[in-house]
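Colleague: final-v2.cif is reproduced below (mmCIF, C-alpha atoms).
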```cif
data_coords
#
loop_
_atom_site.label_atom_id
_atom_site.label_comp_id
_atom_site.auth_asym_id
_atom_site.auth_seq_id
_atom_site.Cartn_x
_atom_site.Cartn_y
_atom_site.Cartn_z
CA MET D 956 -62.50 72.82 113.19
CA ALA D 957 -63.24 74.78 116.36
CA ASP D 958 -66.51 75.95 114.87
CA GLN D 959 -67.54 72.34 114.16
CA VAL D 960 -66.77 71.25 117.72
CA ILE D 961 -68.77 74.13 119.14
CA GLY D 962 -71.61 73.56 116.69
CA GLN D 963 -72.22 69.87 117.34
CA PRO D 964 -73.44 70.21 120.96
CA GLU D 965 -75.81 72.95 119.81
CA VAL D 966 -77.38 70.65 117.22
CA GLN D 967 -77.66 67.93 119.83
CA SER D 968 -79.36 70.20 122.35
CA LEU D 969 -81.90 71.44 119.82
CA ALA D 970 -82.81 67.92 118.69
CA LEU D 971 -82.92 66.17 122.06
CA ALA D 972 -83.56 68.82 124.70
CA GLU D 973 -87.02 69.65 125.98
CA PRO D 974 -88.42 72.65 124.09
CA THR D 975 -88.72 75.83 126.17
CA ARG D 976 -90.02 78.48 123.75
CA HIS D 977 -93.71 78.70 122.88
CA VAL D 978 -94.51 77.80 119.28
CA ARG D 979 -96.14 80.46 117.11
CA ILE D 980 -99.69 80.43 115.84
CA ARG D 981 -98.43 80.01 112.26
CA TRP D 982 -96.76 76.73 113.17
CA ILE D 983 -99.87 75.52 115.00
CA ILE D 984 -102.01 76.32 111.94
CA GLY D 985 -99.68 74.36 109.66
CA LEU D 986 -99.75 71.33 111.94
CA THR D 987 -103.53 71.62 112.31
CA LEU D 988 -104.05 71.73 108.52
CA ALA D 989 -101.86 68.64 108.05
CA SER D 990 -103.89 66.86 110.71
CA LEU D 991 -107.13 68.01 109.08
CA GLY D 992 -106.20 66.54 105.69
CA MET D 993 -105.09 63.28 107.26
CA TRP D 994 -108.21 62.83 109.39
CA MET D 995 -110.56 63.82 106.57
CA ALA D 996 -109.05 61.05 104.46
CA THR D 997 -109.21 58.56 107.35
CA GLN D 998 -112.38 59.27 109.31
CA THR D 999 -114.75 60.06 106.44
CA PRO D 1000 -114.32 56.66 104.74
CA LEU D 1001 -114.67 54.86 108.08
CA GLN D 1002 -117.90 56.63 108.99
CA VAL D 1003 -119.51 57.27 105.59
CA VAL D 1004 -117.80 56.22 102.34
CA LEU D 1005 -116.83 52.64 103.23
CA ALA D 1006 -120.28 51.99 104.66
CA LEU D 1007 -121.96 53.30 101.50
CA GLN D 1008 -119.59 51.36 99.24
CA LEU D 1009 -120.05 48.05 101.06
CA GLN D 1010 -123.80 48.53 101.31
CA ASP D 1011 -123.87 48.66 97.50
CA ILE D 1012 -121.53 45.67 97.13
CA THR D 1013 -123.25 43.33 99.60
CA PRO D 1014 -126.44 44.74 101.12
CA ARG D 1015 -127.35 41.50 102.90
CA HIS D 1016 -123.98 41.13 104.61
CA LYS D 1017 -123.00 44.77 105.09
CA VAL D 1018 -122.37 44.45 108.86
CA VAL D 1019 -119.91 41.57 108.48
CA ALA D 1020 -118.32 43.15 105.40
CA LEU D 1021 -117.64 46.43 107.20
CA ALA D 1022 -116.11 44.50 110.11
CA VAL D 1023 -113.83 42.57 107.73
CA VAL D 1024 -112.68 45.69 105.88
CA THR D 1025 -112.08 47.66 109.06
CA GLY D 1026 -110.39 44.69 110.68
CA VAL D 1027 -107.92 44.28 107.84
CA GLY D 1028 -107.11 47.95 108.10
CA ALA D 1029 -107.37 51.30 106.08
CA ILE D 1030 -101.82 52.24 98.36
CA SER D 1031 -103.72 54.95 96.93
CA MET D 1032 -107.31 56.02 97.68
CA MET D 1033 -107.72 56.68 93.97
CA VAL D 1034 -107.28 52.94 93.34
CA LEU D 1035 -109.53 52.15 96.29
CA ALA D 1036 -112.31 54.11 94.62
CA ALA D 1037 -112.46 51.66 91.72
CA GLN D 1038 -112.92 48.53 93.84
CA ASN D 1039 -116.14 46.54 93.57
CA THR D 1040 -115.31 43.57 95.80
CA VAL D 1041 -115.00 43.29 99.59
CA PHE D 1042 -111.49 41.80 99.24
CA GLY D 1043 -110.30 44.69 97.04
CA VAL D 1044 -111.66 47.32 99.44
CA ALA D 1045 -110.13 45.52 102.45
CA LEU D 1046 -106.69 45.13 100.87
CA LEU D 1047 -106.36 48.73 99.72
CA TRP D 1048 -107.75 50.12 102.96
CA PHE D 1049 -105.04 48.11 104.75
CA LEU D 1050 -102.33 49.65 102.54
CA PHE D 1051 -103.73 53.13 103.00
CA SER D 1052 -103.69 52.66 106.79
CA GLY D 1053 -99.99 51.86 106.72
CA PHE D 1054 -99.13 55.17 105.05
CA GLN D 1055 -101.59 57.12 107.18
CA ASN D 1056 -100.08 55.74 110.36
CA GLY D 1057 -96.63 56.86 109.20
CA GLU D 1058 -97.93 60.39 108.77
CA PHE D 1059 -99.71 60.24 112.12
CA ALA D 1060 -96.50 59.22 113.94
CA THR D 1061 -94.64 62.14 112.37
CA LEU D 1062 -97.29 64.72 113.23
CA SER D 1063 -97.57 63.37 116.79
CA ALA D 1064 -93.81 63.60 117.32
CA ALA D 1065 -93.84 67.27 116.29
CA ILE D 1066 -95.52 68.21 119.59
CA PRO D 1067 -92.86 66.95 122.06
CA ASP D 1068 -90.14 67.98 119.59
CA HIS D 1069 -91.27 71.61 119.33
CA VAL D 1070 -93.80 72.43 122.07
CA PRO D 1071 -92.93 73.02 125.77
CA VAL D 1072 -94.86 71.06 128.40
CA ARG D 1073 -96.75 74.14 129.60
CA GLN D 1074 -98.25 74.61 126.10
CA ARG D 1075 -98.80 71.00 125.03
CA ALA D 1076 -102.43 70.46 126.00
CA THR D 1077 -103.43 73.68 124.25
CA VAL D 1078 -101.57 72.74 121.06
CA SER D 1079 -102.84 69.17 121.31
CA GLY D 1080 -106.37 70.55 121.46
CA TRP D 1081 -105.92 72.46 118.23
CA VAL D 1082 -104.19 69.53 116.54
CA GLY D 1083 -106.67 66.98 117.87
CA MET D 1084 -109.71 69.00 116.86
CA PRO D 1085 -109.37 67.96 113.17
CA ILE D 1086 -110.11 64.36 114.18
CA ALA D 1087 -113.72 65.50 114.51
CA LEU D 1088 -113.66 68.54 112.22
CA GLY D 1089 -112.20 66.46 109.40
CA LEU D 1090 -115.09 64.04 109.73
CA VAL D 1091 -117.61 66.88 109.55
CA LEU D 1092 -116.04 68.57 106.54
CA GLY D 1093 -115.49 65.23 104.87
CA SER D 1094 -119.07 64.13 105.50
CA ILE D 1095 -120.48 67.40 104.15
CA LEU D 1096 -118.24 66.99 101.13
CA VAL D 1097 -119.34 63.40 100.51
CA VAL D 1098 -123.05 63.70 101.35
CA ASP D 1099 -123.96 67.21 100.16
CA VAL D 1100 -121.32 68.31 97.63
CA LEU D 1101 -120.45 65.01 95.93
CA ASN D 1102 -123.93 63.47 96.39
CA GLN D 1103 -122.54 60.27 97.98
CA ASP D 1104 -120.53 59.47 94.83
CA VAL D 1105 -118.04 56.93 96.21
CA PHE D 1106 -115.49 57.23 93.39
CA ARG D 1107 -115.27 61.03 93.42
CA SER D 1108 -115.22 61.06 97.24
CA TYR D 1109 -112.07 58.97 97.41
CA ILE D 1110 -110.34 61.11 94.75
CA VAL D 1111 -111.09 64.43 96.47
CA LEU D 1112 -110.12 63.16 99.93
CA ALA D 1113 -106.81 61.82 98.57
CA VAL D 1114 -105.92 65.16 96.97
CA LEU D 1115 -106.81 67.14 100.09
CA MET D 1116 -104.72 64.84 102.26
CA VAL D 1117 -101.60 65.79 100.27
CA VAL D 1118 -102.32 69.49 99.70
CA LEU D 1119 -103.13 70.31 103.32
CA ALA D 1120 -99.90 68.67 104.54
CA LEU D 1121 -97.64 70.84 102.37
CA PRO D 1122 -97.51 73.99 104.58
CA PHE D 1123 -96.35 71.96 107.58
CA VAL D 1124 -93.82 70.00 105.50
CA PHE D 1125 -92.23 73.08 103.94
CA PHE D 1126 -92.22 75.42 106.93
CA THR D 1127 -91.35 73.22 109.93
CA PRO D 1128 -87.69 73.74 110.96
CA ASP D 1129 -86.82 70.27 112.25
CA HIS D 1130 -83.49 69.97 114.07
CA PRO D 1131 -81.42 66.98 112.90
CA LEU D 1132 -79.46 64.79 115.29
CA ALA D 1133 -75.73 65.35 115.46
CA PRO D 1134 -73.80 62.62 113.58
CA GLN D 1135 -72.47 61.09 116.81
CA ASP D 1136 -76.04 60.61 118.08
CA ARG D 1137 -77.31 58.73 115.04
CA GLU D 1138 -77.45 55.00 115.60
CA PRO D 1139 -76.76 52.67 112.64
CA PHE D 1140 -79.77 50.99 111.09
CA VAL D 1141 -80.05 47.37 112.20
CA TRP D 1142 -83.10 45.21 111.44
CA ARG D 1143 -82.85 43.38 114.77
CA ARG D 1144 -82.94 46.71 116.59
CA VAL D 1145 -86.00 47.74 114.61
CA ALA D 1146 -87.84 44.61 115.72
CA SER D 1147 -86.86 45.05 119.37
CA ALA D 1148 -87.88 48.73 119.29
CA TYR D 1149 -91.54 47.71 119.35
CA TRP D 1150 -91.18 46.50 122.93
CA ILE D 1151 -90.90 48.90 125.87
CA SER D 1152 -90.84 47.12 129.21
CA PRO D 1153 -93.86 48.09 131.34
CA ARG D 1154 -91.82 47.16 134.42
CA GLU D 1155 -89.05 49.59 133.50
CA TYR D 1156 -91.45 52.28 132.27
CA PRO D 1157 -94.77 51.59 134.03
CA ASP D 1158 -96.27 55.01 133.32
CA PHE D 1159 -95.72 54.56 129.60
CA GLY D 1160 -97.30 51.11 129.83
CA TRP D 1161 -100.41 52.43 131.58
CA ALA D 1162 -100.64 55.36 129.14
CA TRP D 1163 -100.56 52.88 126.26
CA LEU D 1164 -103.21 50.66 127.84
CA THR D 1165 -105.62 53.49 128.64
CA ARG D 1166 -105.20 54.93 125.13
CA PHE D 1167 -105.90 51.44 123.75
CA LEU D 1168 -109.06 51.05 125.83
CA THR D 1169 -110.35 54.50 124.93
CA SER D 1170 -109.67 53.89 121.23
CA LEU D 1171 -111.41 50.53 121.52
CA ALA D 1172 -114.47 52.17 123.04
CA ILE D 1173 -114.51 54.75 120.24
CA ALA D 1174 -114.15 52.07 117.55
CA MET D 1175 -116.92 49.93 119.02
CA GLY D 1176 -119.27 52.84 119.61
CA THR D 1177 -118.99 54.56 116.24
CA LEU D 1178 -118.37 51.85 113.64
CA TYR D 1179 -122.04 51.00 113.03
CA LEU D 1180 -123.69 54.37 113.62
CA LEU D 1181 -124.90 54.61 110.03
CA TYR D 1182 -126.50 51.18 110.23
CA PHE D 1183 -127.81 51.94 113.76
CA LEU D 1184 -129.69 54.98 112.46
CA ARG D 1185 -131.05 53.04 109.53
CA ASP D 1186 -131.98 49.72 111.15
CA ALA D 1187 -132.62 50.52 114.84
CA VAL D 1188 -133.69 54.18 114.95
CA HIS D 1189 -135.41 53.88 111.52
CA TYR D 1190 -134.38 57.38 110.59
CA GLN D 1191 -135.92 57.23 107.10
CA ARG D 1192 -139.30 56.37 108.59
CA LEU D 1193 -139.09 59.24 111.06
CA PHE D 1194 -138.03 61.74 108.41
CA PRO D 1195 -139.43 60.77 104.99
CA GLY D 1196 -137.29 61.88 102.09
CA GLN D 1197 -134.08 61.74 104.12
CA THR D 1198 -131.52 58.95 104.44
CA ALA D 1199 -129.63 57.56 107.39
CA ALA D 1200 -126.53 59.32 106.02
CA ASP D 1201 -128.36 62.64 106.50
CA GLY D 1202 -129.05 61.73 110.12
CA LEU D 1203 -125.45 60.69 110.65
CA LEU D 1204 -124.31 64.07 109.32
CA ILE D 1205 -126.50 65.85 111.88
CA LEU D 1206 -124.99 63.79 114.70
CA ILE D 1207 -121.50 64.46 113.40
CA LEU D 1208 -122.14 68.22 113.31
CA ILE D 1209 -123.37 68.24 116.92
CA TYR D 1210 -120.55 65.99 118.05
CA THR D 1211 -117.94 68.12 116.29
CA GLY D 1212 -119.18 71.37 117.78
CA CYS D 1213 -118.76 69.84 121.24
CA VAL D 1214 -115.33 68.43 120.35
CA VAL D 1215 -114.10 71.82 119.10
CA LEU D 1216 -115.30 73.54 122.26
CA THR D 1217 -113.98 71.09 124.83
CA SER D 1218 -110.71 70.26 123.06
CA ILE D 1219 -109.59 73.88 123.12
CA VAL D 1220 -111.07 74.83 126.50
CA GLY D 1221 -109.96 71.55 128.10
CA GLY D 1222 -106.44 71.99 126.76
CA ILE D 1223 -106.17 75.54 128.12
CA ILE D 1224 -107.50 74.49 131.54
CA SER D 1225 -105.13 71.55 131.72
CA ASP D 1226 -102.10 73.67 130.80
CA ARG D 1227 -102.96 76.35 133.35
CA ARG D 1228 -103.67 73.92 136.20
CA GLY D 1229 -101.00 71.41 135.21
CA ARG D 1230 -103.39 68.53 135.99
CA ARG D 1231 -104.14 65.91 133.35
CA LYS D 1232 -105.62 62.75 134.88
CA MET D 1233 -108.85 64.19 136.28
CA LEU D 1234 -109.84 65.65 132.91
CA VAL D 1235 -109.00 62.37 131.18
CA THR D 1236 -111.21 60.49 133.66
CA VAL D 1237 -114.13 62.89 133.26
CA SER D 1238 -113.86 62.65 129.47
CA GLY D 1239 -113.94 58.84 129.63
CA LEU D 1240 -117.01 58.85 131.86
CA LEU D 1241 -118.82 61.23 129.50
CA MET D 1242 -118.17 58.86 126.59
CA ALA D 1243 -119.40 55.95 128.70
CA ALA D 1244 -122.58 57.89 129.54
CA ALA D 1245 -123.23 58.43 125.82
CA ALA D 1246 -122.92 54.69 125.18
CA VAL D 1247 -125.26 53.82 128.08
CA LEU D 1248 -127.84 56.24 126.69
CA LEU D 1249 -127.82 54.50 123.31
CA ALA D 1250 -127.97 51.08 124.98
CA LEU D 1251 -131.13 52.06 126.87
CA PHE D 1252 -132.90 54.17 124.25
CA GLN D 1253 -132.61 53.46 120.52
CA THR D 1254 -134.32 56.69 119.54
CA TRP D 1255 -133.44 59.83 117.64
CA PRO D 1256 -133.56 62.13 120.74
CA ALA D 1257 -131.25 59.74 122.59
CA SER D 1258 -128.89 59.78 119.60
CA LEU D 1259 -128.77 63.58 119.71
CA ALA D 1260 -128.02 63.62 123.44
CA ALA D 1261 -125.37 60.93 123.02
CA ALA D 1262 -123.67 63.02 120.32
CA VAL D 1263 -123.37 65.90 122.81
CA LEU D 1264 -121.98 63.73 125.60
CA PHE D 1265 -119.59 61.85 123.35
CA GLY D 1266 -118.35 65.06 121.71
CA MET D 1267 -117.71 66.77 125.05
CA GLY D 1268 -115.89 63.75 126.40
CA TYR D 1269 -113.81 63.05 123.32
CA GLY D 1270 -112.86 66.70 122.83
CA ALA D 1271 -111.33 66.98 126.29
CA TYR D 1272 -109.71 63.58 125.91
CA ILE D 1273 -107.81 64.23 122.67
CA ALA D 1274 -106.29 67.42 124.05
CA VAL D 1275 -105.35 66.33 127.55
CA ASP D 1276 -104.39 62.70 126.98
CA GLN D 1277 -102.04 63.55 124.13
CA ALA D 1278 -100.26 66.06 126.38
CA LEU D 1279 -100.13 63.47 129.18
CA ILE D 1280 -98.56 60.88 126.90
CA THR D 1281 -95.77 63.23 125.79
CA GLN D 1282 -94.78 63.56 129.46
CA VAL D 1283 -94.24 59.81 129.99
CA LEU D 1284 -92.10 59.06 126.92
CA PRO D 1285 -89.00 57.06 128.00
CA LYS D 1286 -86.28 58.85 125.99
CA ALA D 1287 -86.06 62.14 124.11
CA ARG D 1288 -84.17 60.53 121.21
CA ASP D 1289 -86.96 58.01 120.69
CA ARG D 1290 -89.95 60.38 120.78
CA ALA D 1291 -91.19 59.62 117.27
CA LYS D 1292 -90.67 55.87 117.67
CA ASP D 1293 -92.35 55.75 121.07
CA LEU D 1294 -95.29 57.83 119.85
CA GLY D 1295 -95.52 55.38 116.96
CA ILE D 1296 -95.94 52.63 119.55
CA ILE D 1297 -98.65 54.73 121.22
CA ASN D 1298 -100.31 55.06 117.82
CA ILE D 1299 -100.55 51.26 117.69
CA ALA D 1300 -102.93 51.64 120.61
CA ILE D 1301 -105.08 53.82 118.34
CA VAL D 1302 -104.88 51.68 115.19
CA CYS D 1303 -105.26 48.15 116.60
CA PRO D 1304 -108.59 48.86 118.32
CA GLY D 1305 -110.07 49.67 114.92
CA ALA D 1306 -109.55 46.04 113.95
CA ILE D 1307 -110.31 44.53 117.34
CA GLY D 1308 -113.35 46.76 117.83
CA ALA D 1309 -114.77 45.58 114.53
CA LEU D 1310 -114.24 41.95 115.46
CA ILE D 1311 -116.02 42.51 118.79
CA ALA D 1312 -118.80 44.73 117.47
CA ALA D 1313 -119.89 42.55 114.56
CA PRO D 1314 -120.89 39.47 116.61
CA LEU D 1315 -122.43 41.64 119.34
CA VAL D 1316 -124.70 43.38 116.84
CA SER D 1317 -125.48 40.19 114.93
CA LEU D 1318 -126.23 38.03 117.98
CA ALA D 1319 -127.47 40.44 120.67
CA GLY D 1320 -128.26 43.72 118.94
CA TYR D 1321 -127.17 47.31 119.46
CA PRO D 1322 -127.90 47.46 123.24
CA ALA D 1323 -125.23 44.82 123.84
CA LEU D 1324 -122.76 46.71 121.66
CA PHE D 1325 -123.21 50.02 123.45
CA THR D 1326 -123.19 48.40 126.90
CA ALA D 1327 -119.83 46.80 126.10
CA THR D 1328 -118.62 50.17 124.80
CA ALA D 1329 -119.50 51.84 128.11
CA VAL D 1330 -117.65 49.17 130.12
CA VAL D 1331 -114.48 49.64 128.06
CA ALA D 1332 -114.66 53.46 128.37
CA ILE D 1333 -115.03 53.24 132.16
CA ALA D 1334 -112.02 50.90 132.39
CA ALA D 1335 -109.94 53.49 130.51
CA ALA D 1336 -111.17 56.32 132.75
CA VAL D 1337 -110.15 54.41 135.88
CA GLY D 1338 -106.85 53.05 134.51
CA VAL D 1339 -105.33 56.49 133.94
CA TRP D 1340 -104.87 56.86 137.71
CA LYS D 1341 -102.19 54.17 137.58
CA ILE D 1342 -99.92 56.77 135.96
CA LYS D 1343 -97.84 58.24 138.79
CA SER D 1344 -95.46 60.78 137.24
CA VAL D 1345 -98.18 63.09 135.87
CA PRO D 1346 -100.71 64.86 138.15
#
```
Could you show the structure in this file as structure tokens?
Modeller:
Amino acid sequence: MADQVIGQPEVQSLALAEPTRHVRIRWIIGLTLASLGMWMATQTPLQVVLALQLQDITPRHKVVALAVVTGVGAISMMVLAAQNTVFGVALLWFLFSGFQNGEFATLSAAIPDHVPVRQRATVSGWVGMPIALGLVLGSILVVDVLNQDVFRSYIVLAVLMVVLALPFVFFTPDHPLAPQDREPFVWRRVASAYWISPREYPDFGWAWLTRFLTSLAIAMGTLYLLYFLRDAVHYQRLFPGQTAADGLLILILIYTGCVVLTSIVGGIISDRRGRRKMLVTVSGLLMAAAAVLLALFQTWPASLAAAVLFGMGYGAYIAVDQALITQVLPKARDRAKDLGIINIAIVCPGAIGALIAAPLVSLAGYPALFTATAVVAIAAAVGVWKIKSVP
């Protein structure tokens, strides 16, 4: 009995206390691989596979179709592969998004649960890097290895999503809550958990809003890149024998190299200096500059330069902003839930961005789309300074 009394506070402290010991490289690799599989299965369809699939289904209405599918969302990718209607693709992408967001919330919560503040930007850089790296590897897989075969692409991405998550699942020593700290499950409480008062927790509110705006800028600026290269840059005319998908792959490779560099370097700098907001602002302005460049010049050289600027900005952002967000979470016991609310600020812009981007492209063209993207990115870069508790 005495052992149980002594043991319960220890379990509580491990589950709820701020971590103090640096995590090992083996743990970081496991979390990075899980993130890689998830983002390969998410980003590659959004940038390549869905666009190719919908272009085959409805070539005349591909812009609107992609907006509808992305707006509805992102069970099984293996079933998604067999769809030959816009409704079928939209429905199954919505179901897939629900499961993917559950995995994302779990992986995000692992950082504040296991990583001390002084190491979080560095770890976030490694874990955030697969957002871009997964797109590169997935695009190479789809375009060069699988020869743009939509059915096989979905199957392979689905398998990799599961396999790459297994090391993290089996080797992460999560600390359970003590029985006295576990609240009973009540549906009303679940519904109310989605609301965190911005008056009571203003820094969390501003962190959510700036993440939302940045994600909205990303969604608006990247959704139609394949069609932009094909219809505005006329990539096939510039490079006979190649397709717009080949050009998109080149941009993704450049962008990813910059993301890998700045996500790791930016995370290390942020952890050593302890300052987050300035790097987040600079990253937002770099992404805005990339959008302005594409708004002014719809050319292949401008696209290459924009890939560099966007990659540098986004790389620093995913490392530093994720660390910043973990420092403004209201309660230790609610880390996973609160990060799930933050993840809404990542998911919702995918739908909203599509609804904004489609009419802009249809009515005013790509310059209007990229100008609006720049405005949203600048608003996010400025808004982060409303957060007071993090330097």
Colleague: Counting all atoms listed in the file, which residues come within 12 Å of (-97.1, 55.9, 125.6), with the point read in the file's coordinates, and could you list them as a ChimeraX atom specification?
Modeller: /D:1063-1064,1149-1153,1156-1167,1276-1286,1289-1301,1339,1342
Colleague: Taking 2 positions as the minimum chain separation for residues in the same chain, which residues sit within 12 Å of segment 1254-1262 of chain D when counting all atoms listed in the file? Answer as a PyMOL selection string.
Modeller: chain D and resi 1087+1176-1177+1180-1181+1183-1194+1199+1202-1214+1241-1252+1264-1270+1321-1322+1325+1329
Colleague: Set the distance at 7 Å and use only C-alpha atoms: which residues neighbour Pro1071 of chain D once local chain neighbours fewer than 3 positions away are removed? I'd like the list as number ranges by chain.
Modeller: D: 973-977, 1074-1075
Colleague: So the first atom is atom CA of Ala1287 of chain D and the second is atom CA of Pro1139 of chain D; what is the distance between them in Å, to one decimal place?
Modeller: 17.5 Å
Colleague: Just to confirm, what's the straight-line distance from atom CA of Pro1314 of chain D to atom CA of Ala1336 of chain D in Å (one decimal)?
Modeller: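 Atom CA of Pro1314 of chain D sits 25.3 Å away from atom CA of Ala1336 of chain D.
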Colleague: For each of D:Gln1008, D:Ser1170, D:Ser1079, D:Ser1238, take the minimum atom-to-atom distance to Ile1219 of chain D, counting only C-alpha atoms, then give the residue where this is smallest.
Modeller: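 Nearest candidate to Ile1219 of chain D out of D:Gln1008, D:Ser1170, D:Ser1079, D:Ser1238: D:Ser1079.
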Colleague: Return the single residue from D:Ile1333, D:Leu1121, D:Val1316, D:Met993 that is closest to Val1235 of chain D, with distances computed using only C-alpha atoms.
Modeller: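 Smallest distance to Val1235 of chain D is found for D:Ile1333.
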